[in-house]
$ cat upload_32.pdb   # PDB, C-alpha atoms and all ligand atoms
ATOM      1  CA  MET A   1       0.000   0.000   0.000
ATOM      2  CA  PRO A   2       2.698   2.585   0.646
ATOM      3  CA  GLU A   3       3.338   4.140  -2.769
ATOM      4  CA  LEU A   4       5.206   7.249  -3.825
ATOM      5  CA  PRO A   5       3.136   9.807  -1.833
ATOM      6  CA  GLU A   6       3.101   7.681   1.338
ATOM      7  CA  VAL A   7       6.823   6.916   1.143
ATOM      8  CA  GLU A   8       7.592  10.565   0.331
ATOM      9  CA  ILE A   9       5.796  11.909   3.425
ATOM     10  CA  THR A  10       7.446   9.202   5.554
ATOM     11  CA  ALA A  11      10.881  10.243   4.248
ATOM     12  CA  ARG A  12      10.164  13.952   4.837
ATOM     13  CA  ARG A  13       8.942  13.484   8.394
ATOM     14  CA  LEU A  14      11.738  11.093   9.348
ATOM     15  CA  ASP A  15      14.388  13.261   7.704
ATOM     16  CA  ALA A  16      13.306  16.318   9.690
ATOM     17  CA  ALA A  17      13.323  14.342  12.946
ATOM     18  CA  LEU A  18      16.390  12.131  12.478
ATOM     19  CA  ARG A  19      18.940  14.264  10.641
ATOM     20  CA  GLY A  20      21.880  14.629  13.013
ATOM     21  CA  ALA A  21      20.602  12.043  15.511
ATOM     22  CA  ARG A  22      23.068   9.427  16.752
ATOM     23  CA  ILE A  23      22.333   5.712  16.698
ATOM     24  CA  GLU A  24      22.826   3.857  19.947
ATOM     25  CA  SER A  25      22.157   0.356  18.658
ATOM     26  CA  ALA A  26      20.431  -1.438  15.790
ATOM     27  CA  LEU A  27      18.819  -4.854  15.846
ATOM     28  CA  ALA A  28      16.927  -6.980  13.301
ATOM     29  CA  PRO A  29      14.570  -9.337  15.152
ATOM     30  CA  GLY A  30      12.574 -10.052  11.988
ATOM     31  CA  ILE A  31      13.677 -13.363  10.507
ATOM     32  CA  ASN A  32      14.912 -12.909   6.944
ATOM     33  CA  ALA A  33      14.003  -9.220   6.740
ATOM     34  CA  LEU A  34      17.658  -8.166   6.648
ATOM     35  CA  LYS A  35      19.005  -9.286   3.268
ATOM     36  CA  THR A  36      22.680  -8.439   3.807
ATOM     37  CA  PHE A  37      25.271  -9.553   6.378
ATOM     38  CA  ASP A  38      28.354  -7.491   5.460
ATOM     39  CA  PRO A  39      28.674  -4.911   6.921
ATOM     40  CA  PRO A  40      26.898  -6.184  10.056
ATOM     41  CA  LEU A  41      24.031  -4.137  11.451
ATOM     42  CA  SER A  42      26.142  -3.382  14.527
ATOM     43  CA  ASP A  43      28.306  -1.167  12.282
ATOM     44  CA  LEU A  44      25.548   1.424  12.691
ATOM     45  CA  ASP A  45      26.113   1.697  16.439
ATOM     46  CA  GLY A  46      27.383   5.105  17.472
ATOM     47  CA  ARG A  47      27.005   6.666  14.012
ATOM     48  CA  GLU A  48      25.151   9.827  13.072
ATOM     49  CA  ILE A  49      22.164   9.793  10.721
ATOM     50  CA  LEU A  50      22.811  12.083   7.738
ATOM     51  CA  GLY A  51      19.287  12.049   6.344
ATOM     52  CA  VAL A  52      16.320  10.064   5.071
ATOM     53  CA  ARG A  53      15.154  10.149   1.469
ATOM     54  CA  ARG A  54      12.925   8.328  -1.011
ATOM     55  CA  GLN A  55      13.728   6.697  -4.322
ATOM     56  CA  GLY A  56      10.809   5.071  -6.131
ATOM     57  CA  LYS A  57       8.947   3.290  -3.343
ATOM     58  CA  HIS A  58      12.166   2.736  -1.352
ATOM     59  CA  LEU A  59      13.325   4.539   1.755
ATOM     60  CA  ILE A  60      17.014   5.265   2.218
ATOM     61  CA  VAL A  61      18.436   6.133   5.643
ATOM     62  CA  GLU A  62      21.952   7.501   5.173
ATOM     63  CA  VAL A  63      24.429   7.158   7.990
ATOM     64  CA  GLU A  64      27.867   8.753   8.399
ATOM     65  CA  GLY A  65      31.041   6.847   7.720
ATOM     66  CA  ARG A  66      34.002   6.421   9.992
ATOM     67  CA  PRO A  67      37.531   7.013   8.780
ATOM     68  CA  HIS A  68      38.955   3.738   7.489
ATOM     69  CA  PRO A  69      42.595   2.642   7.636
ATOM     70  CA  ASP A  70      42.871   3.766   4.008
ATOM     71  CA  GLY A  71      41.567   7.183   5.013
ATOM     72  CA  SER A  72      38.278   7.338   3.145
ATOM     73  CA  PRO A  73      35.112   7.312   5.228
ATOM     74  CA  GLN A  74      32.486   4.888   3.916
ATOM     75  CA  PRO A  75      28.986   6.229   4.484
ATOM     76  CA  LEU A  76      26.405   3.501   5.005
ATOM     77  CA  ALA A  77      22.815   3.332   3.834
ATOM     78  CA  LEU A  78      19.842   1.355   5.077
ATOM     79  CA  LEU A  79      17.795   0.601   1.984
ATOM     80  CA  ILE A  80      14.225  -0.319   2.918
ATOM     81  CA  HIS A  81      11.290  -1.561   0.853
ATOM     82  CA  LEU A  82       8.022  -1.529   2.787
ATOM     83  CA  MET A  83       6.247  -3.694   0.158
ATOM     84  CA  SER A  84       2.496  -3.703   0.832
ATOM     85  CA  ALA A  85       2.288  -3.866   4.621
ATOM     86  CA  GLY A  86       5.519  -2.476   6.096
ATOM     87  CA  ARG A  87       5.787   0.786   8.036
ATOM     88  CA  LEU A  88       8.868   2.727   9.102
ATOM     89  CA  GLN A  89       7.903   4.737  12.165
ATOM     90  CA  LEU A  90       9.618   6.849  14.800
ATOM     91  CA  TYR A  91       8.444   6.631  18.396
ATOM     92  CA  ASP A  92       9.502   8.679  21.396
ATOM     93  CA  LYS A  93       9.386   5.636  23.670
ATOM     94  CA  ARG A  94      11.099   2.298  23.399
ATOM     95  CA  ALA A  95       9.020  -0.664  22.345
ATOM     96  CA  GLY A  96       7.303  -2.679  25.017
ATOM     97  CA  PRO A  97       7.877  -6.435  25.030
ATOM     98  CA  ARG A  98       4.748  -7.143  23.021
ATOM     99  CA  ASP A  99       3.050  -5.783  19.946
ATOM    100  CA  ARG A 100       0.094  -7.903  18.879
ATOM    101  CA  THR A 101      -0.764  -5.958  15.743
ATOM    102  CA  SER A 102       2.482  -6.259  13.803
ATOM    103  CA  ARG A 103       5.881  -7.915  13.560
ATOM    104  CA  LEU A 104       9.017  -5.974  14.421
ATOM    105  CA  LEU A 105      11.565  -6.404  11.617
ATOM    106  CA  VAL A 106      14.197  -3.821  12.534
ATOM    107  CA  ARG A 107      14.673  -1.596  15.540
ATOM    108  CA  VAL A 108      17.092   1.348  15.663
ATOM    109  CA  ARG A 109      17.544   2.936  19.071
ATOM    110  CA  LEU A 110      18.722   6.517  19.124
ATOM    111  CA  ALA A 111      21.145   7.838  21.706
ATOM    112  CA  SER A 112      19.042   9.455  24.414
ATOM    113  CA  GLU A 113      19.033  13.202  24.490
ATOM    114  CA  GLY A 114      17.402  15.185  27.262
ATOM    115  CA  GLY A 115      15.577  12.159  28.592
ATOM    116  CA  THR A 116      14.005  11.083  25.288
ATOM    117  CA  GLU A 117      14.452   7.498  24.215
ATOM    118  CA  ALA A 118      13.425   7.580  20.599
ATOM    119  CA  GLU A 119      13.286   4.462  18.493
ATOM    120  CA  LEU A 120      12.900   3.913  14.773
ATOM    121  CA  ARG A 121      10.957   0.750  14.022
ATOM    122  CA  LEU A 122      10.315  -1.150  10.831
ATOM    123  CA  ARG A 123       7.095  -3.065  11.444
ATOM    124  CA  GLU A 124       5.015  -5.224   9.171
ATOM    125  CA  PHE A 125       1.309  -5.983   9.337
ATOM    126  CA  GLY A 126      -0.520  -9.033   7.986
ATOM    127  CA  SER A 127       0.656 -12.617   7.796
ATOM    128  CA  LYS A 128       3.041 -12.354   4.847
ATOM    129  CA  GLN A 129       6.629 -11.296   5.346
ATOM    130  CA  ALA A 130       7.630  -9.234   2.341
ATOM    131  CA  ALA A 131       9.255  -5.996   3.541
ATOM    132  CA  TRP A 132      13.036  -6.069   3.375
ATOM    133  CA  VAL A 133      16.145  -4.144   4.426
ATOM    134  CA  LYS A 134      19.700  -4.004   3.155
ATOM    135  CA  LEU A 135      22.641  -2.347   4.860
ATOM    136  CA  LEU A 136      24.941  -1.142   2.097
ATOM    137  CA  ARG A 137      28.077   0.918   1.681
ATOM    138  CA  ALA A 138      27.547   4.080  -0.372
ATOM    139  CA  GLU A 139      29.235   2.581  -3.445
ATOM    140  CA  GLU A 140      27.104  -0.567  -3.189
ATOM    141  CA  LEU A 141      23.956   1.547  -2.985
ATOM    142  CA  GLU A 142      24.746   2.981  -6.405
ATOM    143  CA  GLN A 143      25.101  -0.523  -7.858
ATOM    144  CA  GLU A 144      22.026  -1.901  -6.093
ATOM    145  CA  GLN A 145      19.743  -3.670  -8.588
ATOM    146  CA  ALA A 146      16.510  -2.613  -6.881
ATOM    147  CA  LEU A 147      17.430   1.019  -7.563
ATOM    148  CA  ALA A 148      19.439   0.689 -10.789
ATOM    149  CA  THR A 149      16.493  -0.862 -12.631
ATOM    150  CA  LEU A 150      13.969   1.842 -11.663
ATOM    151  CA  GLY A 151      12.370   3.907 -14.406
ATOM    152  CA  PRO A 152      12.112   7.694 -14.068
ATOM    153  CA  GLU A 153      10.381   9.009 -10.933
ATOM    154  CA  ALA A 154       6.634   9.493 -11.508
ATOM    155  CA  TRP A 155       6.800  12.658  -9.410
ATOM    156  CA  PRO A 156       7.760  15.511  -9.510
ATOM    157  CA  ASP A 157       8.139  14.895 -13.244
ATOM    158  CA  PRO A 158       8.715  11.740 -15.277
ATOM    159  CA  GLY A 159       9.947  13.961 -18.115
ATOM    160  CA  GLY A 160       7.140  15.505 -20.160
ATOM    161  CA  ARG A 161       4.414  14.205 -22.467
ATOM    162  CA  ASP A 162       6.631  12.869 -25.241
ATOM    163  CA  ARG A 163       8.981  11.105 -22.849
ATOM    164  CA  LEU A 164       5.964   9.465 -21.176
ATOM    165  CA  LYS A 165       4.636   8.347 -24.547
ATOM    166  CA  GLU A 166       8.022   6.735 -25.287
ATOM    167  CA  LEU A 167       8.130   5.007 -21.898
ATOM    168  CA  LEU A 168       4.677   3.514 -22.396
ATOM    169  CA  ASP A 169       5.130   2.573 -26.056
ATOM    170  CA  ALA A 170       4.411  -1.148 -25.688
ATOM    171  CA  PRO A 171       1.361  -3.365 -26.325
ATOM    172  CA  ARG A 172       0.593  -3.746 -22.616
ATOM    173  CA  PRO A 173      -2.353  -2.316 -20.641
ATOM    174  CA  LEU A 174      -1.774   1.053 -18.982
ATOM    175  CA  HIS A 175      -2.835  -0.350 -15.609
ATOM    176  CA  THR A 176       0.003  -2.885 -15.760
ATOM    177  CA  MET A 177       2.645  -0.579 -17.227
ATOM    178  CA  LEU A 178       2.109   2.281 -14.801
ATOM    179  CA  ARG A 179       2.679  -0.115 -11.881
ATOM    180  CA  ASP A 180       5.842  -1.554 -13.453
ATOM    181  CA  GLN A 181       8.669   0.109 -11.495
ATOM    182  CA  ARG A 182      11.117  -0.453 -14.351
ATOM    183  CA  THR A 183       8.877   1.631 -16.628
ATOM    184  CA  ILE A 184       8.043   4.444 -14.208
ATOM    185  CA  ALA A 185       8.834   4.492 -10.488
ATOM    186  CA  GLY A 186       6.486   5.081  -7.564
ATOM    187  CA  ILE A 187       2.952   4.119  -8.661
ATOM    188  CA  GLY A 188       1.136   1.068  -7.284
ATOM    189  CA  ARG A 189      -2.320  -0.482  -7.054
ATOM    190  CA  SER A 190      -4.027   2.440  -5.318
ATOM    191  CA  TRP A 191      -2.751   5.481  -7.158
ATOM    192  CA  VAL A 192      -2.897   3.905 -10.607
ATOM    193  CA  ASP A 193      -6.718   3.863 -10.361
ATOM    194  CA  GLU A 194      -6.810   7.519  -9.334
ATOM    195  CA  ILE A 195      -4.416   8.536 -12.113
ATOM    196  CA  LEU A 196      -6.296   6.700 -14.879
ATOM    197  CA  TRP A 197      -9.607   8.119 -13.631
ATOM    198  CA  GLU A 198      -8.160  11.656 -13.609
ATOM    199  CA  ALA A 199      -6.833  11.112 -17.143
ATOM    200  CA  ARG A 200     -10.160   9.552 -18.275
ATOM    201  CA  LEU A 201      -8.350   6.541 -19.738
ATOM    202  CA  SER A 202      -9.301   2.869 -19.679
ATOM    203  CA  PRO A 203      -7.124   0.676 -17.440
ATOM    204  CA  TYR A 204      -6.907  -1.756 -20.350
ATOM    205  CA  LYS A 205      -5.908   0.727 -23.021
ATOM    206  CA  ARG A 206      -2.557  -0.311 -24.467
ATOM    207  CA  GLY A 207       0.350   2.032 -23.939
ATOM    208  CA  ALA A 208       1.290   1.853 -27.618
ATOM    209  CA  ASP A 209      -2.184   3.142 -28.582
ATOM    210  CA  LEU A 210      -1.900   6.413 -26.640
ATOM    211  CA  GLU A 211      -2.611   9.504 -28.753
ATOM    212  CA  ALA A 212      -0.619  12.666 -28.076
ATOM    213  CA  ASP A 213      -3.519  14.372 -26.266
ATOM    214  CA  GLU A 214      -4.103  11.254 -24.151
ATOM    215  CA  ALA A 215      -0.429  11.143 -23.214
ATOM    216  CA  GLN A 216      -0.719  14.807 -22.261
ATOM    217  CA  ARG A 217      -3.723  14.102 -19.991
ATOM    218  CA  LEU A 218      -1.973  11.102 -18.483
ATOM    219  CA  HIS A 219       1.168  13.121 -17.770
ATOM    220  CA  GLU A 220      -0.868  15.844 -16.058
ATOM    221  CA  ALA A 221      -2.802  13.225 -14.090
ATOM    222  CA  ILE A 222       0.362  11.454 -12.855
ATOM    223  CA  VAL A 223       2.139  14.611 -11.714
ATOM    224  CA  GLY A 224      -1.043  16.302 -10.428
ATOM    225  CA  THR A 225      -2.561  13.352  -8.572
ATOM    226  CA  LEU A 226       0.640  12.386  -6.763
ATOM    227  CA  GLY A 227       1.417  16.042  -6.006
ATOM    228  CA  VAL A 228      -2.035  16.651  -4.495
ATOM    229  CA  ALA A 229      -1.695  13.508  -2.371
ATOM    230  CA  ILE A 230       1.679  14.666  -1.017
ATOM    231  CA  GLU A 231       0.206  18.114  -0.246
ATOM    232  CA  HIS A 232      -2.666  16.396   1.568
ATOM    233  CA  TYR A 233      -0.231  14.392   3.695
ATOM    234  CA  GLU A 234       1.790  17.532   4.416
ATOM    235  CA  GLN A 235      -1.329  18.905   6.126
ATOM    236  CA  ALA A 236      -2.613  15.680   7.665
ATOM    237  CA  VAL A 237       0.406  13.654   8.814
ATOM    238  CA  THR A 238       2.539  14.367  11.865
ATOM    239  CA  LEU A 239       4.890  12.204  13.922
ATOM    240  CA  PRO A 240       4.445   9.514  14.997
ATOM    241  CA  ILE A 241       3.368   8.448  11.510
ATOM    242  CA  PRO A 242       0.113   6.485  11.973
ATOM    243  CA  ASP A 243      -0.205   2.837  10.938
ATOM    244  CA  LYS A 244      -2.866   3.828   8.413
ATOM    245  CA  LEU A 245      -2.359   7.028   6.447
ATOM    246  CA  PRO A 246      -5.496   9.013   5.538
ATOM    247  CA  MET A 247      -5.300   8.299   1.798
ATOM    248  CA  PRO A 248      -7.315  10.855  -0.200
ATOM    249  CA  LEU A 249      -8.700   8.304  -2.691
ATOM    250  CA  LYS A 250     -11.711   9.085  -4.890
ATOM    251  CA  VAL A 251     -12.032   5.920  -6.984
ATOM    252  CA  HIS A 252      -9.851   3.119  -5.637
ATOM    253  CA  ARG A 253     -11.811   1.136  -2.982
ATOM    254  CA  HIS A 254     -14.902   3.189  -3.918
ATOM    255  CA  GLU A 255     -16.540   0.726  -6.328
ATOM    256  CA  GLY A 256     -20.329   0.794  -6.034
ATOM    257  CA  GLU A 257     -20.275   4.483  -5.111
ATOM    258  CA  LEU A 258     -20.993   7.364  -7.455
ATOM    259  CA  CYS A 259     -18.251   8.816  -9.665
ATOM    260  CA  PRO A 260     -17.335  12.217  -8.142
ATOM    261  CA  ARG A 261     -17.171  13.678 -11.671
ATOM    262  CA  CYS A 262     -20.191  12.255 -13.553
ATOM    263  CA  GLN A 263     -22.282  10.416 -10.916
ATOM    264  CA  ALA A 264     -22.176   7.086 -12.780
ATOM    265  CA  THR A 265     -21.621   4.051 -10.541
ATOM    266  CA  LEU A 266     -17.947   3.162 -10.132
ATOM    267  CA  GLN A 267     -17.137  -0.414 -11.150
ATOM    268  CA  ALA A 268     -14.364  -2.838 -10.263
ATOM    269  CA  VAL A 269     -12.484  -5.783 -11.690
ATOM    270  CA  HIS A 270     -11.232  -8.194  -9.025
ATOM    271  CA  PHE A 271      -7.978 -10.103  -9.254
ATOM    272  CA  GLU A 272      -6.448 -12.449  -6.729
ATOM    273  CA  ASP A 273      -4.369  -9.779  -5.015
ATOM    274  CA  TYR A 274      -5.676  -6.466  -6.299
ATOM    275  CA  VAL A 275      -8.748  -4.660  -7.568
ATOM    276  CA  ILE A 276      -9.066  -2.263 -10.490
ATOM    277  CA  ALA A 277     -11.671   0.443  -9.847
ATOM    278  CA  TYR A 278     -12.855   2.768 -12.634
ATOM    279  CA  CYS A 279     -15.757   4.795 -13.957
ATOM    280  CA  PRO A 280     -17.359   3.247 -17.062
ATOM    281  CA  ALA A 281     -18.816   6.587 -18.189
ATOM    282  CA  CYS A 282     -15.540   8.537 -17.833
ATOM    283  CA  GLN A 283     -13.048   5.856 -18.821
ATOM    284  CA  THR A 284     -14.445   3.015 -20.947
ATOM    285  CA  GLU A 285     -17.147   4.642 -23.085
ATOM    286  CA  GLY A 286     -19.826   3.112 -20.901
ATOM    287  CA  ARG A 287     -18.522  -0.448 -21.166
ATOM    288  CA  VAL A 288     -18.396  -2.477 -17.953
ATOM    289  CA  LEU A 289     -15.225  -4.546 -17.958
ATOM    290  CA  LYS A 290     -15.513  -8.268 -17.354
ATOM    291  CA  ASP A 291     -15.004  -9.051 -13.681
ATOM    292  CA  ARG A 292     -13.238 -12.407 -13.577
ATOM    293  CA  ARG A 293     -14.329 -13.046 -10.013
ATOM    294  CA  LEU A 294     -17.988 -12.681 -10.976
ATOM    295  CA  SER A 295     -17.671 -14.674 -14.164
ATOM    296  CA  ARG A 296     -16.006 -17.486 -12.201
ATOM    297  CA  LEU A 297     -18.838 -17.487  -9.708
ATOM    298  CA  LEU A 298     -21.409 -17.596 -12.486
ATOM    299  CA  LYS A 299     -19.890 -20.625 -14.217
TER
HETATM  300 ZN    ZN B 301     -17.382   9.272 -14.149
END
$ encode --input "upload_32.pdb" --output "structure tokens" --more "lines below"
Ligand SMILES: [Zn+2]
Amino acid sequence: MPELPEVEITARRLDAALRGARIESALAPGINALKTFDPPLSDLDGREILGVRRQGKHLIVEVEGRPHPDGSPQPLALLIHLMSAGRLQLYDKRAGPRDRTSRLLVRVRLASEGGTEAELRLREFGSKQAAWVKLLRAEELEQEQALATLGPEAWPDPGGRDRLKELLDAPRPLHTMLRDQRTIAGIGRSWVDEILWEARLSPYKRGADLEADEAQRLHEAIVGTLGVAIEHYEQAVTLPIPDKLPMPLKVHRHEGELCPRCQATLQAVHFEDYVIAYCPACQTEGRVLKDRRLSRLLK
């Protein structure tokens, strides 16, 4: 669920709070969440946090280096992917022994200052373990596959109408391509519905069939929709970042309700692990797309 706007506000809030803070100790109780072993997590102990930023749907916590025997300090980076149910949150108290709602994957204690005992926690909800963390040296971060294969950032600008048209020039549905991080980075199952609704485009329209004016609308919808969501979070989200962000969705998860633009009933297509929501009147020339779940039930 955390996509570009949710990860962006998380990075902004954590950056403001953590920049300059010193790590007391780091621990990874979550089995298999930490995907690297060299350098060990204990290398973070005693180091200062330089900042927190976002790339695609990843969070990057940058930590100062220490002078090495060869003289060059090696900054470290915690690269984190929240997947669909992870949260990176800062608390002003240390975790109690028990948390029934989520699993603790990584815990970073900050050196106490003026009596505060802040703790950064990577938690994951649900039964599936998918969120992951890597501790990398700065040079390894640059080589990291998860980042090197990302397409251009969807926000603040994937590079203009013509560039977008080039990126999407393939015989695949827009709904699939916009969520493909190698094509364009940051959009997932929630915001893709909002973007296609804003652009008045069918989720199943093929990228290669986009006309210039459609590519223009899609470009405006990508940049505008994600930008408005980030602005919304700027107003609505303070530390500690809540487990559930107040997502300003109009279409996604609103099937059965009225389209906020034309008052037609919003429809949905259900897949095993996601749902496409859309407005038939605004996006598919009135056609209701086949819902596989329903057609399976009717067999
Ligand atoms: Zn509509």
$ resolve_selection --input "upload_32.pdb" --expression "the PyMOL selection byres (((chain A and resi 254-265) around 10) and not hetatm)" --output "CSV table (one decimal) with C-alpha atoms, keeping the file's coordinate frame"
chain,number,residue,atom,x,y,z
A,197,TRP,CA,-9.6,8.1,-13.6
A,198,GLU,CA,-8.2,11.7,-13.6
A,249,LEU,CA,-8.7,8.3,-2.7
A,250,LYS,CA,-11.7,9.1,-4.9
A,251,VAL,CA,-12.0,5.9,-7.0
A,252,HIS,CA,-9.9,3.1,-5.6
A,253,ARG,CA,-11.8,1.1,-3.0
A,266,LEU,CA,-17.9,3.2,-10.1
A,267,GLN,CA,-17.1,-0.4,-11.2
A,268,ALA,CA,-14.4,-2.8,-10.3
A,269,VAL,CA,-12.5,-5.8,-11.7
A,275,VAL,CA,-8.7,-4.7,-7.6
A,276,ILE,CA,-9.1,-2.3,-10.5
A,277,ALA,CA,-11.7,0.4,-9.8
A,278,TYR,CA,-12.9,2.8,-12.6
A,279,CYS,CA,-15.8,4.8,-14.0
A,280,PRO,CA,-17.4,3.2,-17.1
A,281,ALA,CA,-18.8,6.6,-18.2
A,282,CYS,CA,-15.5,8.5,-17.8
A,286,GLY,CA,-19.8,3.1,-20.9
$ atom_distance --input "upload_32.pdb" --atom1 "atom CA of A:Ile184" --atom2 "atom CA of A:Pro248"
21.8 Å
$ residues_around --input "upload_32.pdb" --residues "A:Thr36" --least-positions-apart "6" --cutoff "12 Å" --atoms "all atoms listed in the file" --output "NGL selection string"
:A and (28 or 77-80 or 132-137 or 140 or 144)
$ residues_around --input "upload_32.pdb" --residues "stretch 128-130 of chain A" --least-positions-apart "2" --cutoff "12 Å" --atoms "only C-alpha atoms" --output "compact mmCIF listing (two decimals) with C-alpha atoms, in the frame of the given file"
# COMPACT_ATOMS: atom_id res chain seq x y z
CA GLY A 30 12.57 -10.05 11.99
CA ILE A 31 13.68 -13.36 10.51
CA ASN A 32 14.91 -12.91 6.94
CA ALA A 33 14.00 -9.22 6.74
CA LEU A 34 17.66 -8.17 6.65
CA LYS A 35 19.00 -9.29 3.27
CA ILE A 80 14.22 -0.32 2.92
CA HIS A 81 11.29 -1.56 0.85
CA LEU A 82 8.02 -1.53 2.79
CA MET A 83 6.25 -3.69 0.16
CA SER A 84 2.50 -3.70 0.83
CA ALA A 85 2.29 -3.87 4.62
CA GLY A 86 5.52 -2.48 6.10
CA ARG A 87 5.79 0.79 8.04
CA SER A 102 2.48 -6.26 13.80
CA ARG A 103 5.88 -7.92 13.56
CA LEU A 104 9.02 -5.97 14.42
CA LEU A 105 11.56 -6.40 11.62
CA ARG A 123 7.10 -3.06 11.44
CA GLU A 124 5.01 -5.22 9.17
CA PHE A 125 1.31 -5.98 9.34
CA GLY A 126 -0.52 -9.03 7.99
CA TRP A 132 13.04 -6.07 3.38
CA VAL A 133 16.14 -4.14 4.43
$ resolve_selection --input "upload_32.pdb" --expression "the PyMOL selection byres (((chain A and resi 234) around 12) and not hetatm)" --output "number ranges by chain"
A: 5-6, 8-13, 227-233, 235-239, 241, 245-247
$ resolve_selection --input "upload_32.pdb" --expression "the PyMOL selection byres (((chain A and resi 155-172) around 9) and not hetatm)" --output "number ranges by chain"
A: 4-5, 151-154, 173-178, 183-186, 204-213, 215-220, 222-224, 226-227
$ closest_residue --input "upload_32.pdb" --among "A:Ser25, A:Gln74, A:Ser42, A:Gln89" --to "A:Pro242" --atoms "all atoms listed in the file"
A:Gln89
$ atom_distance --input "upload_32.pdb" --atom1 "atom CA of A:Leu76" --atom2 "atom CA of A:Ala21"
14.7 Å
$ atom_distance --input "upload_32.pdb" --atom1 "atom CA of A:Arg200" --atom2 "atom CA of A:Leu150"
26.2 Å
$ closest_residue --input "upload_32.pdb" --among "A:Val61, A:Ser127, A:Arg19, A:Thr284" --to "A:Thr101" --atoms "all atoms listed in the file"
A:Ser127
$ closest_residue --input "upload_32.pdb" --among "A:Asp273, A:Asp243, A:Asp180, A:Glu142" --to "A:Leu90" --atoms "all atoms listed in the file"
A:Asp243
$ closest_residue --input "upload_32.pdb" --among "A:Glu214, A:Glu119, A:Glu272, A:Glu194" --to "ligand ZN 301 (chain B)" --atoms "only C-alpha atoms and all ligand atoms"
A:Glu194
$ closest_residue --input "upload_32.pdb" --among "A:Ala95, A:Gln55, A:Leu50, A:Asp45" --to "A:Ala148" --atoms "all atoms listed in the file"
A:Gln55
$ build_atoms --input "upload_32.pdb" --residues "stretch 81-95 of chain A" --atoms "N, CA and C atoms" --output "PDB file, in the coordinates of the input"
ATOM      1  N   HIS A  81      12.507  -1.499   1.673  1.00  0.00           N
ATOM      2  CA  HIS A  81      11.290  -1.561   0.853  1.00  0.00           C
ATOM      3  C   HIS A  81      10.148  -2.048   1.748  1.00  0.00           C
ATOM      4  N   LEU A  82       9.134  -1.209   1.886  1.00  0.00           N
ATOM      5  CA  LEU A  82       8.022  -1.529   2.787  1.00  0.00           C
ATOM      6  C   LEU A  82       7.078  -2.566   2.188  1.00  0.00           C
ATOM      7  N   MET A  83       7.179  -2.819   0.875  1.00  0.00           N
ATOM      8  CA  MET A  83       6.247  -3.694   0.158  1.00  0.00           C
ATOM      9  C   MET A  83       4.815  -3.232   0.459  1.00  0.00           C
ATOM     10  N   SER A  84       3.865  -4.191   0.699  1.00  0.00           N
ATOM     11  CA  SER A  84       2.496  -3.703   0.832  1.00  0.00           C
ATOM     12  C   SER A  84       2.087  -3.436   2.276  1.00  0.00           C
ATOM     13  N   ALA A  85       2.796  -3.976   3.244  1.00  0.00           N
ATOM     14  CA  ALA A  85       2.288  -3.866   4.621  1.00  0.00           C
ATOM     15  C   ALA A  85       3.335  -3.425   5.642  1.00  0.00           C
ATOM     16  N   GLY A  86       4.492  -2.943   5.164  1.00  0.00           N
ATOM     17  CA  GLY A  86       5.519  -2.476   6.096  1.00  0.00           C
ATOM     18  C   GLY A  86       5.325  -1.006   6.441  1.00  0.00           C
ATOM     19  N   ARG A  87       5.819  -0.627   7.624  1.00  0.00           N
ATOM     20  CA  ARG A  87       5.787   0.786   8.036  1.00  0.00           C
ATOM     21  C   ARG A  87       7.100   1.107   8.727  1.00  0.00           C
ATOM     22  N   LEU A  88       7.682   2.252   8.397  1.00  0.00           N
ATOM     23  CA  LEU A  88       8.868   2.727   9.102  1.00  0.00           C
ATOM     24  C   LEU A  88       8.428   3.908   9.952  1.00  0.00           C
ATOM     25  N   GLN A  89       8.492   3.741  11.263  1.00  0.00           N
ATOM     26  CA  GLN A  89       7.903   4.737  12.165  1.00  0.00           C
ATOM     27  C   GLN A  89       8.861   5.094  13.291  1.00  0.00           C
ATOM     28  N   LEU A  90       8.777   6.354  13.712  1.00  0.00           N
ATOM     29  CA  LEU A  90       9.618   6.849  14.800  1.00  0.00           C
ATOM     30  C   LEU A  90       8.745   7.048  16.030  1.00  0.00           C
ATOM     31  N   TYR A  91       9.196   6.504  17.149  1.00  0.00           N
ATOM     32  CA  TYR A  91       8.444   6.631  18.396  1.00  0.00           C
ATOM     33  C   TYR A  91       9.322   7.312  19.438  1.00  0.00           C
ATOM     34  N   ASP A  92       8.686   8.020  20.375  1.00  0.00           N
ATOM     35  CA  ASP A  92       9.502   8.679  21.396  1.00  0.00           C
ATOM     36  C   ASP A  92       9.717   7.792  22.627  1.00  0.00           C
ATOM     37  N   LYS A  93       9.139   6.593  22.583  1.00  0.00           N
ATOM     38  CA  LYS A  93       9.386   5.636  23.670  1.00  0.00           C
ATOM     39  C   LYS A  93       9.862   4.321  23.083  1.00  0.00           C
ATOM     40  N   ARG A  94      10.621   3.587  23.873  1.00  0.00           N
ATOM     41  CA  ARG A  94      11.099   2.298  23.399  1.00  0.00           C
ATOM     42  C   ARG A  94       9.978   1.273  23.396  1.00  0.00           C
ATOM     43  N   ALA A  95      10.097   0.313  22.515  1.00  0.00           N
ATOM     44  CA  ALA A  95       9.020  -0.664  22.345  1.00  0.00           C
ATOM     45  C   ALA A  95       8.839  -1.502  23.594  1.00  0.00           C
TER      46      ALA A  95
END
